[in-house]
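One file, entry_23.cif, carrying mmCIF, C-alpha atoms and all ligand atoms:
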```cif
data_final
#
loop_
_atom_site.label_atom_id
_atom_site.label_comp_id
_atom_site.auth_asym_id
_atom_site.auth_seq_id
_atom_site.Cartn_x
_atom_site.Cartn_y
_atom_site.Cartn_z
CA MET W 1 -42.48 17.41 12.38
CA LYS W 2 -41.83 20.07 15.01
CA CYS W 3 -38.44 20.11 16.73
CA GLN W 4 -38.02 21.39 20.26
CA GLY W 5 -34.72 22.86 21.38
CA ALA W 6 -32.60 21.05 23.98
CA TRP W 7 -28.93 21.34 24.88
CA GLY W 8 -28.38 17.58 24.80
CA SER W 9 -30.49 16.52 21.82
CA GLY W 10 -33.44 17.88 19.92
CA THR W 11 -36.76 16.08 20.08
CA GLY W 12 -39.41 15.75 17.43
CA TYR W 13 -43.12 15.00 17.53
CA VAL W 14 -44.09 12.43 14.92
CA GLU W 15 -47.69 11.63 13.99
CA PHE W 16 -48.74 8.57 11.98
CA GLN W 17 -52.09 8.58 10.21
CA ASP W 18 -53.44 5.72 8.06
CA VAL W 19 -49.93 4.34 7.61
CA LYS W 20 -49.69 1.05 5.76
CA VAL W 21 -46.70 -1.19 6.43
CA PRO W 22 -45.81 -3.79 3.76
CA VAL W 23 -46.02 -7.32 5.18
CA ASN W 24 -42.36 -7.99 4.42
CA HIS W 25 -41.43 -4.97 6.58
CA LEU W 26 -43.07 -6.46 9.65
CA ILE W 27 -40.69 -6.97 12.56
CA GLY W 28 -41.78 -9.95 14.65
CA GLU W 29 -45.46 -10.84 14.80
CA GLU W 30 -48.41 -8.56 14.06
CA ASN W 31 -49.66 -6.71 17.17
CA GLN W 32 -46.61 -7.87 19.14
CA GLY W 33 -44.49 -4.81 18.40
CA PHE W 34 -44.27 -3.71 22.02
CA LYS W 35 -42.37 -6.89 22.92
CA VAL W 36 -39.88 -6.27 20.10
CA MET W 37 -39.33 -2.72 21.32
CA MET W 38 -38.82 -3.89 24.88
CA TYR W 39 -36.24 -6.52 23.83
CA ASN W 40 -34.50 -3.93 21.68
CA PHE W 41 -34.03 -1.86 24.83
CA ASN W 42 -31.37 -4.33 25.98
CA TYR W 43 -29.14 -3.24 23.12
CA GLU W 44 -30.01 0.43 23.51
CA ARG W 45 -29.12 0.16 27.20
CA LEU W 46 -25.81 -1.50 26.37
CA ARG W 47 -24.94 1.29 23.94
CA ASN W 48 -25.93 3.87 26.54
CA ALA W 49 -23.85 2.07 29.17
CA SER W 50 -20.75 1.86 27.01
CA CYS W 51 -20.96 5.58 26.15
CA ALA W 52 -21.33 6.50 29.84
CA SER W 53 -18.45 4.22 30.82
CA ARG W 54 -16.22 5.78 28.15
CA PHE W 55 -17.16 9.29 29.26
CA SER W 56 -16.28 8.42 32.86
CA ARG W 57 -12.85 7.43 31.61
CA VAL W 58 -12.55 10.68 29.66
CA LEU W 59 -13.39 12.59 32.86
CA LEU W 60 -10.70 10.69 34.74
CA GLU W 61 -8.14 11.23 31.99
CA GLU W 62 -8.86 14.97 31.78
CA SER W 63 -8.66 15.26 35.57
CA MET W 64 -5.30 13.45 35.78
CA ARG W 65 -3.83 15.60 33.03
CA TYR W 66 -5.03 18.82 34.64
CA ALA W 67 -3.92 17.73 38.13
CA PHE W 68 -0.34 17.41 36.87
CA LYS W 69 -0.47 20.86 35.31
CA ARG W 70 -2.30 23.15 37.72
CA LYS W 71 -0.43 24.54 40.72
CA THR W 72 -2.14 25.85 43.86
CA PHE W 73 -0.51 26.85 47.14
CA GLY W 74 2.93 26.16 45.60
CA LYS W 75 2.12 22.55 44.68
CA ARG W 76 0.66 20.73 41.71
CA LEU W 77 -2.91 19.56 42.33
CA ILE W 78 -1.70 15.96 42.04
CA ASP W 79 0.55 16.57 45.09
CA HIS W 80 -2.49 17.29 47.30
CA PRO W 81 -3.70 14.06 48.98
CA VAL W 82 -7.32 15.24 48.74
CA ILE W 83 -7.06 15.44 44.95
CA ARG W 84 -5.35 12.03 44.72
CA LEU W 85 -8.20 10.55 46.77
CA LYS W 86 -10.72 11.96 44.29
CA LEU W 87 -8.77 10.41 41.40
CA ALA W 88 -8.56 7.09 43.23
CA HIS W 89 -12.32 6.92 43.77
CA MET W 90 -12.89 7.80 40.11
CA ALA W 91 -10.36 5.21 38.91
CA ARG W 92 -11.67 2.31 41.00
CA GLN W 93 -15.20 2.94 39.76
CA CYS W 94 -14.13 3.36 36.12
CA GLU W 95 -12.09 0.16 36.19
CA SER W 96 -14.73 -2.03 37.83
CA THR W 97 -17.53 -0.64 35.68
CA HIS W 98 -15.58 -1.15 32.47
CA ASN W 99 -14.77 -4.74 33.47
CA TRP W 100 -18.44 -5.45 34.13
CA LEU W 101 -19.31 -3.89 30.76
CA GLU W 102 -16.80 -6.14 28.96
CA ASN W 103 -18.18 -9.17 30.79
CA ILE W 104 -21.76 -8.44 29.71
CA VAL W 105 -20.78 -7.58 26.13
CA LEU W 106 -18.89 -10.87 25.87
CA GLN W 107 -21.98 -12.76 27.10
CA THR W 108 -24.13 -11.07 24.43
CA THR W 109 -21.73 -12.28 21.73
CA LEU W 110 -21.81 -15.87 23.04
CA MET W 111 -25.56 -16.23 23.67
CA PRO W 112 -28.34 -16.51 21.09
CA ARG W 113 -30.40 -13.30 20.93
CA GLN W 114 -33.43 -14.96 22.56
CA GLN W 115 -31.32 -15.93 25.56
CA VAL W 116 -29.95 -12.39 25.80
CA ASN W 117 -33.54 -11.12 25.87
CA THR W 118 -34.61 -13.43 28.64
CA GLN W 119 -31.48 -13.95 30.74
CA LEU W 120 -29.38 -10.83 30.39
CA ALA W 121 -32.04 -8.12 30.61
CA GLY W 122 -31.62 -7.75 34.38
CA GLY W 123 -27.83 -7.62 34.26
CA ILE W 124 -27.90 -5.10 31.41
CA ALA W 125 -30.41 -2.96 33.31
CA LEU W 126 -28.22 -2.87 36.44
CA LEU W 127 -25.11 -2.21 34.37
CA LYS W 128 -26.83 0.72 32.66
CA ALA W 129 -27.59 2.27 36.04
CA GLN W 130 -24.05 1.60 37.25
CA CYS W 131 -22.55 3.36 34.21
CA SER W 132 -24.62 6.53 34.55
CA ILE W 133 -24.17 6.69 38.34
CA VAL W 134 -20.39 6.37 37.92
CA MET W 135 -20.43 8.97 35.15
CA GLU W 136 -22.32 11.38 37.39
CA TYR W 137 -19.80 10.76 40.19
CA CYS W 138 -16.83 11.29 37.86
CA ALA W 139 -18.36 14.42 36.34
CA ARG W 140 -18.86 15.92 39.78
CA GLU W 141 -15.35 15.10 40.95
CA ALA W 142 -13.76 16.22 37.68
CA ALA W 143 -15.63 19.52 37.97
CA GLN W 144 -14.26 19.99 41.50
CA ILE W 145 -10.72 19.27 40.28
CA PHE W 146 -11.07 21.77 37.42
CA GLY W 147 -12.64 24.36 39.72
CA GLY W 148 -14.09 27.39 37.94
CA LEU W 149 -12.85 26.13 34.56
CA ALA W 150 -15.49 23.39 34.75
CA TYR W 151 -18.19 26.02 34.72
CA THR W 152 -17.11 27.88 31.59
CA ARG W 153 -17.82 26.81 28.03
CA GLY W 154 -14.69 26.21 25.97
CA GLY W 155 -11.12 26.30 27.24
CA GLN W 156 -9.35 23.67 29.35
CA GLY W 157 -12.45 22.51 31.19
CA GLU W 158 -14.53 22.24 28.01
CA LYS W 159 -15.01 18.46 28.11
CA VAL W 160 -15.80 18.41 31.82
CA GLU W 161 -18.36 21.20 31.54
CA ARG W 162 -20.03 19.47 28.60
CA LEU W 163 -20.04 16.00 30.15
CA TYR W 164 -21.44 17.26 33.46
CA ARG W 165 -24.28 18.76 31.42
CA GLU W 166 -24.73 15.51 29.47
CA VAL W 167 -25.00 13.15 32.46
CA LYS W 168 -28.79 13.16 32.35
CA ALA W 169 -28.69 11.99 28.72
CA PHE W 170 -27.47 8.69 30.20
CA ALA W 171 -29.30 8.61 33.52
CA ILE W 172 -32.77 9.17 32.02
CA PRO W 173 -33.30 7.73 28.51
CA ALA W 174 -33.57 3.98 27.74
CA GLY W 175 -35.00 3.51 31.24
CA SER W 176 -34.23 5.99 34.01
CA GLU W 177 -31.98 4.86 36.86
CA GLU W 178 -34.99 4.24 39.12
CA ILE W 179 -36.70 2.10 36.49
CA VAL W 180 -33.67 0.01 35.43
CA LEU W 181 -32.57 -0.62 39.02
CA ASP W 182 -36.04 -1.90 39.80
CA LEU W 183 -36.12 -3.95 36.58
CA GLY W 184 -32.82 -5.60 37.52
CA ILE W 185 -34.23 -6.82 40.81
CA ARG W 186 -37.59 -7.80 39.31
CA GLN W 187 -35.76 -9.97 36.74
CA ALA W 188 -33.79 -11.57 39.59
CA MET W 189 -37.05 -12.21 41.48
CA LYS W 190 -38.47 -13.90 38.38
CA SER W 191 -35.54 -16.34 38.06
CA TYR W 192 -35.54 -16.95 41.81
CA GLU W 193 -39.22 -17.95 41.69
CA GLN W 194 -38.69 -20.11 38.59
CA ASN W 195 -35.75 -21.93 40.21
CA ARG W 196 -37.71 -22.45 43.40
CA LYS W 197 -40.72 -23.87 41.52
CA SER W 198 -38.53 -26.20 39.43
CA LYS W 199 -37.07 -27.66 42.65
CA MET W 200 -40.46 -28.32 44.25
C1 LIG D 301 -31.42 12.73 25.88
C2 LIG D 301 -32.70 11.97 25.81
C3 LIG D 301 -32.94 11.19 24.68
C4 LIG D 301 -34.12 10.48 24.58
N1 LIG D 301 -34.34 9.75 23.45
C5 LIG D 301 -35.51 9.12 23.27
C6 LIG D 301 -35.80 8.41 22.06
O1 LIG D 301 -34.96 8.35 21.14
N2 LIG D 301 -37.00 7.82 21.92
C7 LIG D 301 -37.94 7.86 22.92
O2 LIG D 301 -39.01 7.30 22.77
N3 LIG D 301 -37.69 8.52 24.06
C8 LIG D 301 -36.51 9.15 24.27
N4 LIG D 301 -36.28 9.83 25.45
C9 LIG D 301 -37.33 9.85 26.46
C10 LIG D 301 -36.97 8.94 27.62
O3 LIG D 301 -37.19 7.58 27.26
C11 LIG D 301 -37.81 9.35 28.84
O4 LIG D 301 -37.43 10.67 29.19
C12 LIG D 301 -37.54 8.40 30.00
O5 LIG D 301 -38.04 7.11 29.74
C13 LIG D 301 -38.21 8.91 31.30
O6 LIG D 301 -39.55 9.14 31.08
P1 LIG D 301 -40.18 10.57 31.42
O7 LIG D 301 -39.26 11.64 30.92
O8 LIG D 301 -41.57 10.56 30.93
O9 LIG D 301 -40.12 10.64 33.00
P2 LIG D 301 -41.25 10.03 34.00
O10 LIG D 301 -41.65 8.67 33.55
O11 LIG D 301 -42.31 11.07 34.18
O12 LIG D 301 -40.37 9.90 35.31
C14 LIG D 301 -40.06 11.01 36.17
C15 LIG D 301 -39.27 10.51 37.36
O13 LIG D 301 -40.04 9.56 38.10
C16 LIG D 301 -39.36 8.32 38.17
N5 LIG D 301 -40.33 7.24 38.00
C17 LIG D 301 -41.27 7.11 37.03
N6 LIG D 301 -41.97 5.98 37.19
C18 LIG D 301 -41.48 5.39 38.29
C19 LIG D 301 -41.77 4.17 38.96
N7 LIG D 301 -42.70 3.33 38.52
N8 LIG D 301 -41.05 3.87 40.06
C20 LIG D 301 -40.11 4.71 40.52
N9 LIG D 301 -39.76 5.86 39.92
C21 LIG D 301 -40.44 6.20 38.82
C22 LIG D 301 -38.37 8.34 37.01
O14 LIG D 301 -37.24 7.52 37.26
C23 LIG D 301 -37.97 9.79 36.98
O15 LIG D 301 -37.02 10.04 38.00
C24 LIG D 301 -35.09 10.53 25.61
C25 LIG D 301 -34.83 11.28 26.76
C26 LIG D 301 -33.66 11.99 26.87
C27 LIG D 301 -33.41 12.80 28.11
#
```

Rewrite the structure from the file as structure tokens, please.
Ligand SMILES: Cc1cc2nc3c(=O)[nH]c(=O)nc-3n(C[C@H](O)[C@H](O)[C@H](O)COP(=O)(O)OP(=O)(O)OC[C@H]3O[C@@H](n4cnc5c(N)ncnc54)[C@H](O)[C@@H]3O)c2cc1C
Amino acid sequence: MKCQGAWGSGTGYVEFQDVKVPVNHLIGEENQGFKVMMYNFNYERLRNASCASRFSRVLLEESMRYAFKRKTFGKRLIDHPVIRLKLAHMARQCESTHNWLENIVLQTTLMPRQQVNTQLAGGIALLKAQCSIVMEYCAREAAQIFGGLAYTRGGQGEKVERLYREVKAFAIPAGSEEIVLDLGIRQAMKSYEQNRKSKM
């Protein structure tokens, strides 16, 4: 296995040749593995979404703390209305996103897995996009609040610098934003058509 370097995570190339899988290790039905993988994406997306939501909150927390500490033009950053506006836009997005996340997670605990697969896939897909878009927004605004410190490794802006760099590890894997946004609407189209047909 050859590993390739990456700042976010290393990747490996795995080759399978003449691999035999014991029957009792089979997940789902033979030759239906793709479906299992696709359903599993719901849970991978939820994990990805909860990490991104948490990181948005970390970015907000770091920004608040720093805004109370740093003084420019004789005032703390928090005393500049422009900075408070940035924090407000971060906070409203963090709060609403986290509430949506809790709502979806609760539904996954109440529904049988099969129902999650069929009925929650669209909601989870849209939530995943929401979480990475909010994280990207918060990372950008946090970096502006930290100024030059957000561009140096280590020191007070360490978390902000790292998280800004990590945004794409949430916006791309487990379905890129473009793909999951489209999936969310395609799932809604499917239920719309089904409802319409059942009423005819
Ligand atoms: C940190 C990280 C971890 C990862 N971990 C894993 C892992 O554990 N296992 C694994 O198998 N893979 C993993 N991946 C790979 C990941 O699943 C892919 O990078 C991701 O699905 C996007 O595919 P791609 O890179 O081939 O981009 P492409 O598919 O080439 O897409 C390029 C761009 O075009 C857009 N695009 C593509 N198709 C369409 C379309 N039909 N409509 C509109 N826009 C489109 C995409 O949104 C993207 O913006 C990981 C990636 C990253 C960055």

Fill in the blank from the handout: Computed gap from CA of Met37 (chain W) to CA of Val23 (chain W) is 18.1 Å

Practice task
Can you work out which one of W:Lys20, W:Arg140, W:Lys168, W:Lys69 has the shortest atom-to-atom distance to ligand LIG 301 (chain D), counting only C-alpha atoms and all ligand atoms?
Solution key: W:Lys168

Problem - ligand LIG 301 (chain D) neighbours within 7 Å using only C-alpha atoms and all ligand atoms, as a list in words - result: Gly8, Ser9, Lys168, Ala169, Ile172, Pro173, Ala174, Gly175, Ser176, Glu177, Glu178 and Ile179 of chain W

Handout entry: Closest of W:Arg84, W:Pro112, W:Glu30, W:Glu136 to Phe68 (chain W) - atom-to-atom distances counting all atoms listed in the file
Key = W:Arg84

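Going from CA of Ser132 (chain W) over to CA of Ser53 (chain W), you cover 7.6 Å.
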
Taking only residues of region 112-146 of chain W that have an atom at most 9 Å from an atom of region 187-197 of chain W, what is each one's shortest atom pair and its distance in Å to one decimal, using only C-alpha atoms, in chain and number order, as CSV?
```
residue,atom,partner,partner_atom,distance
W:Thr118,CA,W:Gln187,CA,8.9
W:Gln119,CA,W:Gln187,CA,8.4
W:Ala121,CA,W:Gln187,CA,7.4
W:Gly122,CA,W:Gln187,CA,5.3
W:Gly123,CA,W:Gln187,CA,8.6
```

Practice task
Go ahead and compute the interatomic distance for CA of Leu87 (chain W) and CA of Met135 (chain W), in Å to one decimal.
Solution key: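 Here the two named atoms are 13.3 Å from each other.
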